[in-house]
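What follows is a single structure, written as structure tokens, with notes after it.
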Amino acid sequence: MRLFECGTLVPGCAWHTRADSDAEVVRRAVEHLKNAHGETTIRENMVDNIKSRIRDEVNAA
Ligand SMILES: [Zn+2]
């Protein structure tokens with residue numbers, strides 16, 4: 001699974017999401033940034049910022 005934590009981009013935000021593909025993680029993160037942080041336009045560098053912060057989730061189980 002791929003994991004994105006919004007707190008890495010917006011300090012103090014505890015929201016996070018996980019999905020099988022980077023594309024899906026980015027899609028959800030963009031949606032969250034619009035809804036929760038009032039981002040009306042998602043610039044290209046915002047998508048890059050999200051992508052650079054997506055990491056593999058290590059399953060401890
Ligand atoms: Zn957030």
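Labels for the structure tokens follow display order: chains A, B, ..., residues from 1 in each chain, ligands from 1.
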
DSSP-assigned alpha helix (DSSP H) members of chain A, reported as a PyMOL selection string: chain A and resi 22-37+44-53

Serialized selection, C-alpha atoms, as a PDB file, in the first residue's frame:
ATOM      1  CA  ASP A  22       0.037   6.622  -6.414  1.00  0.00           C
ATOM      2  CA  ALA A  23      -2.603   7.991  -8.776  1.00  0.00           C
ATOM      3  CA  GLU A  24      -5.390   7.107  -6.373  1.00  0.00           C
ATOM      4  CA  VAL A  25      -3.493   8.552  -3.405  1.00  0.00           C
ATOM      5  CA  VAL A  26      -2.949  11.801  -5.318  1.00  0.00           C
ATOM      6  CA  ARG A  27      -6.615  11.932  -6.315  1.00  0.00           C
ATOM      7  CA  ARG A  28      -7.763  11.580  -2.704  1.00  0.00           C
ATOM      8  CA  ALA A  29      -5.155  14.009  -1.411  1.00  0.00           C
ATOM      9  CA  VAL A  30      -6.209  16.668  -3.925  1.00  0.00           C
ATOM     10  CA  GLU A  31      -9.817  16.181  -2.890  1.00  0.00           C
ATOM     11  CA  HIS A  32      -8.822  16.592   0.764  1.00  0.00           C
ATOM     12  CA  LEU A  33      -6.774  19.725   0.086  1.00  0.00           C
ATOM     13  CA  LYS A  34      -9.780  21.263  -1.644  1.00  0.00           C
ATOM     14  CA  ASN A  35     -12.305  20.295   1.017  1.00  0.00           C
ATOM     15  CA  ALA A  36     -10.274  20.720   4.191  1.00  0.00           C
ATOM     16  CA  HIS A  37      -7.709  23.371   3.328  1.00  0.00           C
ATOM     17  CA  GLU A  44       1.239  21.345 -10.850  1.00  0.00           C
ATOM     18  CA  ASN A  45       3.830  21.744  -8.107  1.00  0.00           C
ATOM     19  CA  MET A  46       1.203  20.777  -5.524  1.00  0.00           C
ATOM     20  CA  VAL A  47       0.784  17.421  -7.243  1.00  0.00           C
ATOM     21  CA  ASP A  48       4.576  17.043  -7.259  1.00  0.00           C
ATOM     22  CA  ASN A  49       4.677  17.894  -3.564  1.00  0.00           C
ATOM     23  CA  ILE A  50       2.106  15.203  -2.844  1.00  0.00           C
ATOM     24  CA  LYS A  51       3.885  12.613  -4.989  1.00  0.00           C
ATOM     25  CA  SER A  52       7.234  13.282  -3.337  1.00  0.00           C
ATOM     26  CA  ARG A  53       5.648  12.616   0.067  1.00  0.00           C
TER      27      ARG A  53
END

Surrounding residues of stretch 15-20 of chain A excluding itself and chain neighbours under 4 positions, 6 Å, only C-alpha atoms, as a list of chain:residue names: A:Met1, A:Arg2, A:Leu3, A:Phe4, A:Glu5, A:Cys6, A:Val25

Picked from chain A by DSSP as strand (DSSP E), as a PyMOL selection string: chain A and resi 2-5+16-19+55-56

Atom CA of A:Val10 to atom CA of A:Arg43, straight-line distance in Å: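 Computed distance, atom CA of A:Arg43 to atom CA of A:Val10, equals 15.4 Å.
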
Straight-line distance linking atom CA of A:Asp56 with atom CA of A:Cys13, stated in Å to one decimal: 19.7 Å
